[in-house]
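*Asks:* Dropping in data-v1.pdb, which is PDB, C-alpha atoms:
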```
ATOM      1  CA  MET A   1     -11.753  11.816   5.658
ATOM      2  CA  GLU A   2     -14.312  14.181   4.170
ATOM      3  CA  PRO A   3     -17.162  12.440   2.309
ATOM      4  CA  ASP A   4     -16.677  14.391  -0.927
ATOM      5  CA  LEU A   5     -12.973  13.551  -1.063
ATOM      6  CA  GLN A   6     -13.748   9.931  -0.202
ATOM      7  CA  ALA A   7     -16.075   9.649  -3.218
ATOM      8  CA  THR A   8     -13.321  10.972  -5.473
ATOM      9  CA  LEU A   9     -10.718   8.631  -3.990
ATOM     10  CA  SER A  10     -13.141   5.729  -4.442
ATOM     11  CA  ALA A  11     -13.414   6.664  -8.112
ATOM     12  CA  PHE A  12      -9.605   6.520  -8.363
ATOM     13  CA  ALA A  13      -9.721   3.088  -6.680
ATOM     14  CA  ASP A  14     -12.148   1.827  -9.330
ATOM     15  CA  LEU A  15      -9.619   2.437 -12.112
ATOM     16  CA  THR A  16      -7.251  -0.278 -13.281
ATOM     17  CA  ASP A  17      -3.491   0.155 -12.986
ATOM     18  CA  SER A  18      -3.283   0.741 -16.734
ATOM     19  CA  GLU A  19      -6.024   3.389 -16.544
ATOM     20  CA  LEU A  20      -4.190   5.146 -13.722
ATOM     21  CA  ASN A  21      -0.945   5.107 -15.692
ATOM     22  CA  ALA A  22      -2.749   6.348 -18.814
ATOM     23  CA  LEU A  23      -4.301   9.132 -16.753
ATOM     24  CA  ILE A  24      -0.854  10.159 -15.497
ATOM     25  CA  ASP A  25       0.295  10.289 -19.125
ATOM     26  CA  ALA A  26      -2.804  12.284 -20.085
ATOM     27  CA  THR A  27      -1.987  14.952 -17.503
ATOM     28  CA  LYS A  28       1.292  15.465 -19.352
ATOM     29  CA  ASN A  29      -0.362  15.721 -22.780
ATOM     30  CA  VAL A  30      -2.875  18.504 -22.253
ATOM     31  CA  PRO A  31      -2.095  22.200 -22.224
ATOM     32  CA  PRO A  32      -0.894  23.089 -18.706
ATOM     33  CA  ILE A  33      -3.576  25.711 -18.142
ATOM     34  CA  ALA A  34      -4.497  24.223 -14.761
ATOM     35  CA  PRO A  35      -1.066  22.975 -13.646
ATOM     36  CA  GLU A  36      -1.955  22.534  -9.972
ATOM     37  CA  LEU A  37      -4.984  20.403 -10.838
ATOM     38  CA  LEU A  38      -2.994  18.343 -13.343
ATOM     39  CA  ALA A  39      -0.257  17.778 -10.762
ATOM     40  CA  TRP A  40      -2.855  16.757  -8.168
ATOM     41  CA  ILE A  41      -4.488  14.255 -10.549
ATOM     42  CA  ALA A  42      -1.107  12.686 -11.373
ATOM     43  CA  ALA A  43      -0.096  12.620  -7.690
ATOM     44  CA  THR A  44      -3.396  11.026  -6.687
ATOM     45  CA  CYS A  45      -2.967   8.371  -9.388
ATOM     46  CA  ASP A  46       0.470   7.671  -7.877
ATOM     47  CA  TRP A  47      -1.102   7.612  -4.409
ATOM     48  CA  GLU A  48      -3.633   4.996  -5.546
ATOM     49  CA  LEU A  49      -0.978   2.866  -7.242
ATOM     50  CA  ASN A  50       1.135   3.034  -4.067
ATOM     51  CA  ARG A  51      -1.879   2.243  -1.868
ATOM     52  CA  ARG A  52      -2.426  -0.935  -3.893
ATOM     53  CA  ARG A  53       1.166  -1.916  -3.197
ATOM     54  CA  GLY A  54       0.772  -1.366   0.538
ATOM     55  CA  VAL A  55       2.444   2.049   0.761
ATOM     56  CA  VAL A  56      -0.091   4.007   2.765
ATOM     57  CA  TYR A  57      -0.027   7.751   3.294
ATOM     58  CA  GLN A  58      -2.607  10.529   3.417
ATOM     59  CA  PRO A  59      -3.611  11.859  -0.013
ATOM     60  CA  GLN A  60      -3.725  15.588  -0.586
ATOM     61  CA  ARG A  61      -6.897  17.546  -1.252
ATOM     62  CA  PRO A  62      -7.148  19.000  -4.740
ATOM     63  CA  PRO A  63      -6.076  22.604  -5.127
ATOM     64  CA  ALA A  64      -8.684  25.251  -4.514
ATOM     65  CA  VAL A  65      -9.866  27.166  -7.526
ATOM     66  CA  SER A  66      -9.533  30.769  -6.487
ATOM     67  CA  ARG A  67      -7.561  32.848  -8.973
ATOM     68  CA  PRO A  68      -9.320  34.685 -11.815
ATOM     69  CA  GLY A  69      -9.605  32.457 -14.864
ATOM     70  CA  GLU A  70      -8.979  29.259 -12.912
ATOM     71  CA  ASP A  71     -12.595  28.169 -13.168
ATOM     72  CA  ARG A  72     -12.363  28.126 -16.956
ATOM     73  CA  ALA A  73      -9.009  26.366 -16.901
ATOM     74  CA  THR A  74     -10.316  23.763 -14.480
ATOM     75  CA  ILE A  75     -13.485  23.190 -16.496
ATOM     76  CA  TYR A  76     -11.430  22.833 -19.675
ATOM     77  CA  THR A  77      -9.169  20.293 -17.993
ATOM     78  CA  LEU A  78     -12.106  18.343 -16.565
ATOM     79  CA  ILE A  79     -13.670  18.138 -20.040
ATOM     80  CA  VAL A  80     -10.604  17.479 -22.185
ATOM     81  CA  ILE A  81      -8.926  14.668 -20.256
ATOM     82  CA  PRO A  82     -11.945  12.306 -20.234
ATOM     83  CA  MET A  83     -12.396  12.978 -23.961
ATOM     84  CA  MET A  84      -8.876  11.648 -24.511
ATOM     85  CA  PHE A  85     -10.062   8.261 -23.216
ATOM     86  CA  GLY A  86     -13.105   7.885 -25.475
ATOM     87  CA  GLU A  87     -16.598   6.626 -24.839
ATOM     88  CA  ARG A  88     -15.648   3.284 -23.310
ATOM     89  CA  ALA A  89     -13.726   4.763 -20.403
ATOM     90  CA  ARG A  90     -16.601   4.708 -17.938
ATOM     91  CA  GLY A  91     -14.292   4.631 -14.931
ATOM     92  CA  VAL A  92     -12.419   7.730 -16.075
ATOM     93  CA  ARG A  93     -15.686   9.544 -16.755
ATOM     94  CA  ALA A  94     -16.969   8.537 -13.304
ATOM     95  CA  LEU A  95     -13.755   9.834 -11.754
ATOM     96  CA  PHE A  96     -14.046  13.165 -13.505
ATOM     97  CA  ASN A  97     -17.717  13.464 -12.535
ATOM     98  CA  ALA A  98     -16.630  12.940  -8.917
ATOM     99  CA  LEU A  99     -13.922  15.572  -9.391
ATOM    100  CA  VAL A 100     -16.474  18.050 -10.714
ATOM    101  CA  ASP A 101     -18.653  17.402  -7.667
ATOM    102  CA  LEU A 102     -15.672  17.770  -5.342
ATOM    103  CA  LEU A 103     -14.388  20.975  -6.915
ATOM    104  CA  THR A 104     -17.808  22.591  -7.155
ATOM    105  CA  ASP A 105     -19.111  21.335  -3.818
ATOM    106  CA  GLY A 106     -21.656  19.153  -5.594
ATOM    107  CA  GLY A 107     -22.659  21.990  -7.879
ATOM    108  CA  HIS A 108     -23.262  24.319  -4.931
ATOM    109  CA  ARG A 109     -20.146  26.396  -5.105
ATOM    110  CA  GLN A 110     -20.150  29.409  -2.860
TER
END
```
Can the structure in the file be given as structure tokens, please?
*Replies:*
Amino acid sequence: MEPDLQATLSAFADLTDSELNALIDATKNVPPIAPELLAWIAATCDWELNRRRGVVYQPQRPPAVSRPGEDRATIYTLIVIPMMFGERARGVRALFNALVDLLTDGGHRQ
């Protein structure tokens, strides 16, 4: 598994079951301006919950950001969802920091 994806999946693993379920709910309560990213976040939360229950399968990579306007939609999504969890949600913030690194190639996007 690629190191950048592994760091993101590790951040998912650090969340509690209730945080994962709340994150799934959060993906349904933001404007769907980055629907592929929102679907991937929810699916990866499900993947982590299943992994904890012994159902093992390969997680998907997040969708590539390639269409015009997607960068802004992705950035908006990556800012808004952690804000929904407040200041105490360190695990969620860590996850979204890992997502930013993954989606921007560690800030070195081509």
*Asks:* Segment 29-33 of chain A: which residues within 8 Å, counting only C-alpha atoms, same-chain residues fewer than 3 positions away excluded, as a ChimeraX atom specification?
*Replies:* /A:25-26,38,73-74,77,80-81
*Asks:* As a check of understanding, name the residues that the PyMOL selection byres ((chain A and resi 5) around 12) selects in the supplied structure, as a VMD selection string.
*Replies:* chain A and resid 1 to 4 6 to 12 44 58 to 62 95 98 to 106
*Asks:* Rank nothing, just name the residue among A:Ala34, A:Glu48, A:Gly86, A:Leu23 nearest to Asp71 of chain A, using only C-alpha atoms.
*Replies:* A:Ala34
*Asks:* Kindly indicate which residue among A:Arg90, A:Ile41, A:Trp47, A:Ala64 lies nearest to Leu78 of chain A, using all atoms listed in the file for the distances.
*Replies:* A:Ile41
*Asks:* Can you work out the spacing between atom CA of Gly91 of chain A and atom CA of Ser18 of chain A in Å, to one decimal?
*Replies:*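 For atom CA of Gly91 of chain A relative to atom CA of Ser18 of chain A, the distance reads 11.8 Å.
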*Asks:* Which one is closest to Met84 of chain A: A:Ala39, A:Glu19, A:Ala13, A:Arg51? Count all atoms listed in the file.
*Replies:*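 Closest to Met84 of chain A, using all atoms listed in the file: A:Glu19.
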*Asks:* Which of these, A:Leu49, A:Ala42, A:Val92, A:Val55, has the shortest distance to Lys28 of chain A once you count all atoms listed in the file?
*Replies:*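 Ranked by minimum distance to Lys28 of chain A, first place goes to A:Ala42.
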*Asks:* Work out how far apart atom CA of Thr16 of chain A and atom CA of Arg72 of chain A are and give it in Å to one decimal.
*Replies:*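 Computing it gives 29.1 Å between the two atoms.
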*Asks:* Could you state the separation of atom CA of Glu36 of chain A and atom CA of Phe96 of chain A in Å, given to one decimal place?
*Replies:* 15.7 Å
*Asks:* Determine the nearest neighbour of Pro63 of chain A from the options A:Arg93, A:Asn50, A:Pro35, A:Asp17, counting only C-alpha atoms.
*Replies:*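 Result for the nearest residue to Pro63 of chain A: A:Pro35.
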*Asks:* Under the rule that all atoms listed in the file are counted, which of A:Ala94, A:Leu20, A:Leu37, A:Leu15 is the nearest residue to Pro82 of chain A?
*Replies:*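 With all atoms listed in the file as the atom set, the closest residue is A:Ala94.
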*Asks:* For segment 78-94 of chain A, supply N, CA and C atoms and format the output as a JSON list (two decimals), in the frame of the given file.
*Replies:*
```
[["chain", "number", "residue", "atom", "x", "y", "z"],
["A", 78, "LEU", "N", -11.17, 19.40, -16.95],
["A", 78, "LEU", "CA", -12.11, 18.34, -16.57],
["A", 78, "LEU", "C", -12.93, 17.83, -17.74],
["A", 79, "ILE", "N", -12.98, 18.58, -18.83],
["A", 79, "ILE", "CA", -13.67, 18.14, -20.04],
["A", 79, "ILE", "C", -12.71, 17.42, -20.98],
["A", 80, "VAL", "N", -11.53, 17.99, -21.17],
["A", 80, "VAL", "CA", -10.60, 17.48, -22.18],
["A", 80, "VAL", "C", -10.02, 16.11, -21.82],
["A", 81, "ILE", "N", -9.59, 15.93, -20.61],
["A", 81, "ILE", "CA", -8.93, 14.67, -20.26],
["A", 81, "ILE", "C", -9.85, 13.47, -20.46],
["A", 82, "PRO", "N", -11.09, 13.48, -19.97],
["A", 82, "PRO", "CA", -11.94, 12.31, -20.23],
["A", 82, "PRO", "C", -12.18, 12.07, -21.73],
["A", 83, "MET", "N", -12.21, 13.13, -22.51],
["A", 83, "MET", "CA", -12.40, 12.98, -23.96],
["A", 83, "MET", "C", -11.22, 12.22, -24.58],
["A", 84, "MET", "N", -10.05, 12.35, -24.00],
["A", 84, "MET", "CA", -8.88, 11.65, -24.51],
["A", 84, "MET", "C", -9.01, 10.13, -24.38],
["A", 85, "PHE", "N", -9.89, 9.68, -23.48],
["A", 85, "PHE", "CA", -10.06, 8.26, -23.22],
["A", 85, "PHE", "C", -11.19, 7.62, -24.03],
["A", 86, "GLY", "N", -12.03, 8.42, -24.65],
["A", 86, "GLY", "CA", -13.10, 7.88, -25.48],
["A", 86, "GLY", "C", -14.32, 7.46, -24.68],
["A", 87, "GLU", "N", -15.29, 6.98, -25.41],
["A", 87, "GLU", "CA", -16.60, 6.63, -24.84],
["A", 87, "GLU", "C", -16.57, 5.43, -23.89],
["A", 88, "ARG", "N", -15.65, 4.52, -24.10],
["A", 88, "ARG", "CA", -15.65, 3.28, -23.31],
["A", 88, "ARG", "C", -15.02, 3.44, -21.94],
["A", 89, "ALA", "N", -14.43, 4.55, -21.67],
["A", 89, "ALA", "CA", -13.73, 4.76, -20.40],
["A", 89, "ALA", "C", -14.69, 5.23, -19.32],
["A", 90, "ARG", "N", -15.58, 4.36, -18.94],
["A", 90, "ARG", "CA", -16.60, 4.71, -17.94],
["A", 90, "ARG", "C", -15.98, 5.08, -16.59],
["A", 91, "GLY", "N", -14.94, 4.35, -16.21],
["A", 91, "GLY", "CA", -14.29, 4.63, -14.93],
["A", 91, "GLY", "C", -13.67, 6.01, -14.90],
["A", 92, "VAL", "N", -13.03, 6.40, -16.00],
["A", 92, "VAL", "CA", -12.42, 7.73, -16.08],
["A", 92, "VAL", "C", -13.51, 8.79, -16.05],
["A", 93, "ARG", "N", -14.58, 8.57, -16.78],
["A", 93, "ARG", "CA", -15.69, 9.54, -16.76],
["A", 93, "ARG", "C", -16.28, 9.65, -15.35],
["A", 94, "ALA", "N", -16.45, 8.52, -14.67],
["A", 94, "ALA", "CA", -16.97, 8.54, -13.30],
["A", 94, "ALA", "C", -16.03, 9.30, -12.38]]
```
